[in-house]
There are 2 protein chains.
Amino acid sequence: MSRDLRPLFDPRSIAILGASNDPAKWGNRLALGALRSEGSRSVYLVNRNGGDILERPAYPSLADLPEAPELVVLSVPAEGFEEAVEASLAAGARALVGITTGLGETGADGRARETAIVERVRAAGAVLLGPNCLGIFDAATGLDLGWSELQGGSVGLVSQSGNLALELALLAEDYGLGFSRFASLGNQADLEAGELVRSLIDHEPTRVIALYCEDFRDGRAFARAALEAVEAGKPVVLLTAGGGEVSAQAARSHTGALVSSTSAVEAACRAAGMQRVRSPRELVDLAQAELARVRPRGRKVVIVGDGGGHGIVAADVAAAQGLELPPLSEELQRRIAPHLPAAAPTRNPVDFAGAGEQFLAIFEDVTRLILESGEVDAALVTGYFGGYSELSDEFQAEETEVALGMARAAAESDRALFVQSMYPRSPSLVALREAGAPVYREIEAAAWALARLADEAQRPPRGVPELPPPVEGLRPDGYWEARDLLASAGIDFAPARRVTGLEEARAAADELGYPVAVKALGLLHKSDAGGVALGIEDGQGLEEALANMATPSAEGYSVERMAPVAEGVELIAGCLRDARFGPIALVGLGGIYAELLEDTAVALAPVDVGQAEDLIRSLRGAALLSGARGRPPLDVESAAHAVAALSRLAAQRPDLAEVEINPLLVTREGALALDARVLSGENGAHAR
Amino acid sequence: MSRDLRPLFDPRSIAILGASNDPAKWGNRLALGALRSEGSRSVYLVNRNGGDILERPAYPSLADLPEAPELVVLSVPAEGFEEAVEASLAAGARALVGITTGLGETGADGRARETAIVERVRAAGAVLLGPNCLGIFDAATGLDLGWSELQGGSVGLVSQSGNLALELALLAEDYGLGFSRFASLGNQADLEAGELVRSLIDHEPTRVIALYCEDFRDGRAFARAALEAVEAGKPVVLLTAGGGEVSAQAARSHTGALVSSTSAVEAACRAAGMQRVRSPRELVDLAQAELARVRPRGRKVVIVGDGGGHGIVAADVAAAQGLELPPLSEELQRRIAPHLPAAAPTRNPVDFAGAGEQFLAIFEDVTRLILESGEVDAALVTGYFGGYSELSDEFQAEETEVALGMARAAAESDRALFVQSMYPRSPSLVALREAGAPVYREIEAAAWALARLADEAQRPPRGVPELPPPVEGLRPDGYWEARDLLASAGIDFAPARRVTGLEEARAAADELGYPVAVKALGLLHKSDAGGVALGIEDGQGLEEALANMATPSAEGYSVERMAPVAEGVELIAGCLRDARFGPIALVGLGGIYAELLEDTAVALAPVDVGQAEDLIRSLRGAALLSGARGRPPLDVESAAHAVAALSRLAAQRPDLAEVEINPLLVTREGALALDARVLSGENGAHAR
């Protein structure tokens, strides 16, 4: 859905319904805001009591306006909301902003009311922001409804929380960052985050899109909008919460939002190329970085310090962020050395050893030499630079010139330049920032943001896969059925026979060949319940195994040829269905180490074989599969085939909440599912 | 060594040698600084050219002064340093501050000169700070030599870098933190970091000790001084660098410092209860926390948000820092609920859902209810609070009163109170900070600092062990000799025989019992070089194994009873000798997973059995040893005995650079060393 939001962000006329003289009321703030743009549009204050508001006559109703209001802002009690919407539409409104609280966020009744309202709004060809939202801001059109603190700039902000938007604005001031647009999301009854993101793609003043979002509504549509923005060159930085169990709990009760799980959001971010952050500060730090004139293409960084311990502290901090600090070539060091004192380190970090004090130009000269060498993707200048401006006007002029020279060196060499300074707001650094080099006050922020951009360069968006048409099928109600379902999707299992007792088991084992494994069917947790026996070597062992099974199984047993577990590595592969983002494929390192490593990777499902292989190889434990320490390289491609097949199956079966293979044994030649589990969606019934 | 540093920090008279009228020279800055304290002490400016300096007659030499200068500051060229020191001592100086550069930091010659100078200084009963230092500051005595930017306060700062000290001072201003003392370390020719730390223990104005240090000189003495400070109630926060290979490289060339490895510093921090930080910002964030009136005793935290997304964002951030967010009890929630709007979450996070705006006192009321319940160790208040002061004077007065009430609630309940606010410098929060509650601007800083204090509470200093008297012994020059040495220290190895050929090997295997392992002796990397054969089942296997050994070994073979590797978990245990901190014991998870997990723990050696067990149990992979997922619990105590014995052995053998058992197999009943390696100190000769 891509509707015209011009009436929302650049209305020719506005009506404030519920305008008020009382400074404690939002209707007062909205009216004041609207009147500030009266030069460029008509503004009508409406209050059913009529009278004067803000020293002008208020209209008692929308029907009394001399023209149709393109935008109506509704700041009325919840009980009158439907009536106000009807009146707005009747008056010809094209866009509505619902400030009103007490609707969808209060529960099912409120949500039902919203659904009915949205039907009416859409039928009238209008759009609705909110309800339960705080207002909007558009720097270019001078629209500032409810939001007097925002400075104009190049960040397009969409937020589900007013307080967090305020905090973001205060933090952004540090970096001289302002906002091109702000929309308070509210309950997203009609306009959702995705549609607002999409509206920023063609919004010229917006160069980076920032979001605070708890509830992603149609998560796939949201991800597709973000992907479009990213591909159009507008980075998307997403602050969301609800990763921990506890915060998920709180989020459920905040704005009535359903918080998507961390995994689903993570998968969506990788699909769309969105950058997820954890705090307002991270969002602002990264937004500044995203605006860099030159972005790093990789992780190779030179640290340039002007003396003291800054260089080595920065080197430690940068290395902890995963940045690489390659030693500069001998030749480059020879070219740098004449600019610096005799004992100054030139390897990386490069340390001026105080020489900057004597001759400021070396900041530009040395930085240019390094950037033009092409030996690194970025220079990170750290320490005192910026402070010279504090000393005298002459120093300030000289430092500003040097700073701009550094920015030119970055632009001309097409290499990134990031700066940390203890004087980040000095005039020389304000100029440097405006010239396209991000400037931070703390070295960890600078290194972190640089590393995030390097990640971004090296991890292009995976794309948002289309869901295959739903397929109907039996819902497996046990391990054997789950196995059948997955096998029919093309996944290899160890050869097995379903048997009812010892005699059949013996025959099956003879046929399959020893050693075999036996599983009791129909147990919820086979392994814990003593329902699995492995490595049975002969008939006698088989008899003992069946006798020892904790509970004789009414559903019989599965006798399986024993897989060569010692020769392979176990993965877990699964697909979960998220309420917002749909099916999410997951792979992880299996067995007891998986818990210790917490080593998983996720993607929006379905994934193809190449993507599945990328997922597997992105695991921290991937070295186990690729032949580390003299081990044989394993058949990752077969494992990827299994993961892809599983994800396809799960994606086309919306009735299945969870499909899992655990373990998936990867060997030198193939990948073998050793156990399978399917949970159906509606009742959460458990089948393994 | 505990000398009287009163003449350094509170001299009755000062002479500035090399005082200058030239504002570009440090001797000018020092003279200006000294003159600022002229009211409380005599100040003499000395310059061999005589004449007027800063509008008063300069003395041409120290010999001309009317009285003995207690403190002489030496800002003279390197070539004249010895002469200046002699003149100072001759004039009766008790303390010297060496600003002069070009000595120990330039190489061995300079270090030799320093050694001779220090001998003279000590013989005269004086002390020397530097050379190559920037000056000192003491707020209480009004001494400010070279350091005009520092504000008085309660942080005692010792720094090896002037620029970093300046950055720390700028960052500290955010929190209204000032400095009680500052000493620039320089080359530590005489006064080392440890002695300066010790001098702060009885320095009443100092409440927290902050250090930037690259070279720890006598690391054990430093650690002991820090431990004394910590035990005296003065927390020590240490910023150091050189963790990464690259930054270690840079540090070697900076201030001529030998950077101690990360492991050694980590071990020293745990021994002394020092808090290691990675950046200036972390140092300042933690210093503020260390000054909290009430410190958290554990990790249980309640998040109190005033609305919007702050509560859930904070919950995520806090959980990521390892803080625990227990759900508040039903009863407590029932007591909180009446203060809040109907739908406000009360479980944890507690979210006022905007109610604070209507009634500010709920911040105090609700926080008090929670803190007094004893259900959490700390409250972390997050979001807008502090911003009410921005609205009006009335709000400011009310908010300040509420803030102080919150601080009282924390003090009276003996529970910690930390605050994050988007208005951290508002008057109400300045008052709150002064009342003992740390206030941060960013939620990650608040949560991080709180988590660090909780760590500190739960991990008391281990103590700095005394080194046993050195013992002479043979230096093992091979695996067999290393094995003998460790076995004689009481460490169990698999039974083994040293043999020269097949016949002896057969006899040994028969005696030991099959299966056996065979190792070719005299190979540098036995395993990689095909010099190890495991699980040999019989005589024929033995013959094949010897025939297949890549190189027939002139030194013969070790035939060993095969250990039950499948039934245990492999650790690595070792002891390395650090140039600064001496022997460092290390344990880690062995095998291929150790690399993936990077899971090691270190301590100053020697460790006793209890400490060794703590080390082992502190590994992330410790669950593998204690019976996770139905595994049997293993004999950690025996492993701890082996680690303790190894550490004792290594500690009493300064001639050994490294002693290692890898793997140390921990089984249900015992711990068995399966391989051993000893490196001797001087030539790094390799024996395994």
# chains A, B, ... in the order shown; residues from 1 in each chain; ligands from 1
>>> closest_atom_pairs(of="chain A", to="chain B", cutoff="6 Å", atoms="only C-alpha atoms", output="tab-separated table")
residue	atom	partner	partner_atom	distance
A:Ser161	CA	B:Gly308	CA	5.0
A:Asn163	CA	B:Gly308	CA	5.6
A:Glu167	CA	B:Met422	CA	5.6
A:Ala241	CA	B:Val313	CA	5.2
A:Gly244	CA	B:Asp316	CA	5.7
A:Ser247	CA	B:Ile312	CA	4.9
A:Gly308	CA	B:Ser161	CA	5.0
A:Gly309	CA	B:Ser161	CA	5.7
A:Ile312	CA	B:Ser247	CA	4.9
A:Val313	CA	B:Ala241	CA	5.2
A:Ala315	CA	B:Ser247	CA	5.4
A:Asp316	CA	B:Gly244	CA	5.7
A:Met422	CA	B:Glu167	CA	5.7
>>> write_last_selection(atoms="C-alpha atoms", output="CSV table (one decimal), in the first residue's frame")
chain,number,residue,atom,x,y,z
A,161,SER,CA,7.1,6.7,22.0
A,163,ASN,CA,9.5,10.5,25.4
A,167,GLU,CA,15.5,12.0,24.2
A,241,ALA,CA,13.0,-3.4,22.7
A,244,GLY,CA,14.6,-10.1,27.2
A,247,SER,CA,11.0,-6.4,28.8
A,308,GLY,CA,49.7,10.5,25.1
A,309,GLY,CA,47.7,7.3,25.6
A,312,ILE,CA,46.7,2.8,22.3
A,313,VAL,CA,43.5,3.2,24.1
A,315,ALA,CA,43.5,0.7,19.4
A,316,ASP,CA,42.2,-1.5,22.2
A,422,MET,CA,37.7,15.7,23.8
>>> select_by_dssp(residues="range 259-508 of chain B", states="helix (DSSP H, G or I)", output="VMD selection string")
chain B and resid 262 to 272 280 to 290 310 to 320 330 to 339 355 to 358 361 to 373 387 to 390 393 to 413 427 to 434 443 to 458 479 to 488 502 to 508
>>> residues_around(residues="Asp455 in chain A", least_positions_apart="3", cutoff="9 Å", atoms="only C-alpha atoms", output="JSON, numbers by chain")
{"A": [297, 298, 299, 450, 451, 452, 458, 459, 460]}
>>> write_last_selection(atoms="all heavy atoms", output="PDB file, in the first residue's frame")
ATOM      1  N   ARG A 297      34.490   0.703   3.428  1.00  0.00           N
ATOM      2  CA  ARG A 297      34.082  -0.503   2.684  1.00  0.00           C
ATOM      3  C   ARG A 297      34.458  -1.770   3.429  1.00  0.00           C
ATOM      4  O   ARG A 297      34.051  -2.862   3.055  1.00  0.00           O
ATOM      5  CB  ARG A 297      34.732  -0.497   1.310  1.00  0.00           C
ATOM      6  CG  ARG A 297      34.065   0.474   0.347  1.00  0.00           C
ATOM      7  CD  ARG A 297      34.669   0.340  -1.043  1.00  0.00           C
ATOM      8  NE  ARG A 297      36.008   0.901  -1.086  1.00  0.00           N
ATOM      9  CZ  ARG A 297      36.298   2.131  -1.539  1.00  0.00           C
ATOM     10  NH1 ARG A 297      35.334   2.899  -1.988  1.00  0.00           N
ATOM     11  NH2 ARG A 297      37.539   2.574  -1.535  1.00  0.00           N
ATOM     12  N   GLY A 298      35.298  -1.629   4.430  1.00  0.00           N
ATOM     13  CA  GLY A 298      35.725  -2.802   5.192  1.00  0.00           C
ATOM     14  C   GLY A 298      36.175  -2.388   6.575  1.00  0.00           C
ATOM     15  O   GLY A 298      35.970  -1.245   6.991  1.00  0.00           O
ATOM     16  N   ARG A 299      36.834  -3.356   7.269  1.00  0.00           N
ATOM     17  CA  ARG A 299      37.126  -3.160   8.693  1.00  0.00           C
ATOM     18  C   ARG A 299      38.538  -2.665   8.957  1.00  0.00           C
ATOM     19  O   ARG A 299      38.944  -2.524  10.100  1.00  0.00           O
ATOM     20  CB  ARG A 299      36.958  -4.501   9.426  1.00  0.00           C
ATOM     21  CG  ARG A 299      35.600  -5.105   9.276  1.00  0.00           C
ATOM     22  CD  ARG A 299      35.423  -6.310  10.198  1.00  0.00           C
ATOM     23  NE  ARG A 299      34.034  -6.387  10.577  1.00  0.00           N
ATOM     24  CZ  ARG A 299      33.527  -5.801  11.668  1.00  0.00           C
ATOM     25  NH1 ARG A 299      34.305  -5.148  12.504  1.00  0.00           N
ATOM     26  NH2 ARG A 299      32.244  -5.900  11.928  1.00  0.00           N
ATOM     27  N   LEU A 450      31.837   3.182  13.515  1.00  0.00           N
ATOM     28  CA  LEU A 450      32.658   2.829  12.354  1.00  0.00           C
ATOM     29  C   LEU A 450      32.553   1.331  12.058  1.00  0.00           C
ATOM     30  O   LEU A 450      32.394   0.909  10.905  1.00  0.00           O
ATOM     31  CB  LEU A 450      34.106   3.229  12.643  1.00  0.00           C
ATOM     32  CG  LEU A 450      35.159   3.089  11.551  1.00  0.00           C
ATOM     33  CD1 LEU A 450      34.730   3.785  10.272  1.00  0.00           C
ATOM     34  CD2 LEU A 450      36.491   3.667  12.029  1.00  0.00           C
ATOM     35  N   ALA A 451      32.599   0.534  13.107  1.00  0.00           N
ATOM     36  CA  ALA A 451      32.486  -0.917  12.922  1.00  0.00           C
ATOM     37  C   ALA A 451      31.117  -1.299  12.376  1.00  0.00           C
ATOM     38  O   ALA A 451      30.996  -2.193  11.535  1.00  0.00           O
ATOM     39  CB  ALA A 451      32.752  -1.641  14.250  1.00  0.00           C
ATOM     40  N   ARG A 452      30.083  -0.593  12.820  1.00  0.00           N
ATOM     41  CA  ARG A 452      28.743  -0.893  12.306  1.00  0.00           C
ATOM     42  C   ARG A 452      28.658  -0.579  10.811  1.00  0.00           C
ATOM     43  O   ARG A 452      28.067  -1.334  10.043  1.00  0.00           O
ATOM     44  CB  ARG A 452      27.680  -0.105  13.073  1.00  0.00           C
ATOM     45  CG  ARG A 452      27.465  -0.572  14.501  1.00  0.00           C
ATOM     46  CD  ARG A 452      26.874  -1.971  14.578  1.00  0.00           C
ATOM     47  NE  ARG A 452      25.573  -2.063  13.993  1.00  0.00           N
ATOM     48  CZ  ARG A 452      24.434  -2.176  14.677  1.00  0.00           C
ATOM     49  NH1 ARG A 452      24.466  -2.225  15.992  1.00  0.00           N
ATOM     50  NH2 ARG A 452      23.276  -2.262  14.057  1.00  0.00           N
ATOM     51  N   GLN A 458      29.790  -4.887   4.451  1.00  0.00           N
ATOM     52  CA  GLN A 458      30.150  -6.270   4.144  1.00  0.00           C
ATOM     53  C   GLN A 458      28.964  -7.225   4.204  1.00  0.00           C
ATOM     54  O   GLN A 458      29.096  -8.392   3.870  1.00  0.00           O
ATOM     55  CB  GLN A 458      31.258  -6.720   5.105  1.00  0.00           C
ATOM     56  CG  GLN A 458      32.531  -5.905   4.877  1.00  0.00           C
ATOM     57  CD  GLN A 458      33.664  -6.298   5.793  1.00  0.00           C
ATOM     58  OE1 GLN A 458      33.440  -6.643   6.946  1.00  0.00           O
ATOM     59  NE2 GLN A 458      34.876  -6.257   5.286  1.00  0.00           N
ATOM     60  N   ARG A 459      27.841  -6.727   4.690  1.00  0.00           N
ATOM     61  CA  ARG A 459      26.656  -7.579   4.771  1.00  0.00           C
ATOM     62  C   ARG A 459      25.489  -6.916   4.074  1.00  0.00           C
ATOM     63  O   ARG A 459      24.639  -6.294   4.718  1.00  0.00           O
ATOM     64  CB  ARG A 459      26.284  -7.855   6.231  1.00  0.00           C
ATOM     65  CG  ARG A 459      27.389  -8.518   7.026  1.00  0.00           C
ATOM     66  CD  ARG A 459      26.868  -9.156   8.295  1.00  0.00           C
ATOM     67  NE  ARG A 459      25.984  -8.263   9.054  1.00  0.00           N
ATOM     68  CZ  ARG A 459      25.507  -8.536  10.246  1.00  0.00           C
ATOM     69  NH1 ARG A 459      25.821  -9.687  10.828  1.00  0.00           N
ATOM     70  NH2 ARG A 459      24.725  -7.703  10.883  1.00  0.00           N
ATOM     71  N   PRO A 460      25.422  -7.013   2.755  1.00  0.00           N
ATOM     72  CA  PRO A 460      24.300  -6.380   2.054  1.00  0.00           C
ATOM     73  C   PRO A 460      22.983  -7.026   2.483  1.00  0.00           C
ATOM     74  O   PRO A 460      22.969  -8.145   3.001  1.00  0.00           O
ATOM     75  CB  PRO A 460      24.606  -6.679   0.584  1.00  0.00           C
ATOM     76  CG  PRO A 460      25.524  -7.846   0.601  1.00  0.00           C
ATOM     77  CD  PRO A 460      26.291  -7.780   1.875  1.00  0.00           C
TER      78      PRO A 460
END
>>> closest_residue(among="A:Pro60, A:Gly125, A:Gly194, A:Gly130", to="Thr100 in chain A", atoms="only C-alpha atoms")
A:Gly130
>>> closest_residue(among="B:Val236, B:Leu604, B:Ala123, B:Leu177", to="Arg198 in chain B", atoms="only C-alpha atoms")
B:Val236
>>> closest_residue(among="A:Gly588, A:His203, A:Trp26, A:Ala31", to="Pro77 in chain A", atoms="only C-alpha atoms")
A:Trp26
>>> atom_distance(atom1="CA of Asn49 in chain B", atom2="CA of Pro341 in chain A")
28.9 Å
>>> atom_distance(atom1="CA of Glu79 in chain B", atom2="CA of Ala193 in chain B")
26.0 Å
>>> closest_residue(among="A:Asp675, A:Ala601, A:Val609, A:Ala108", to="Ala517 in chain A", atoms="only C-alpha atoms")
A:Asp675
>>> atom_distance(atom1="CA of Leu474 in chain A", atom2="CA of Gln611 in chain A")
28.2 Å
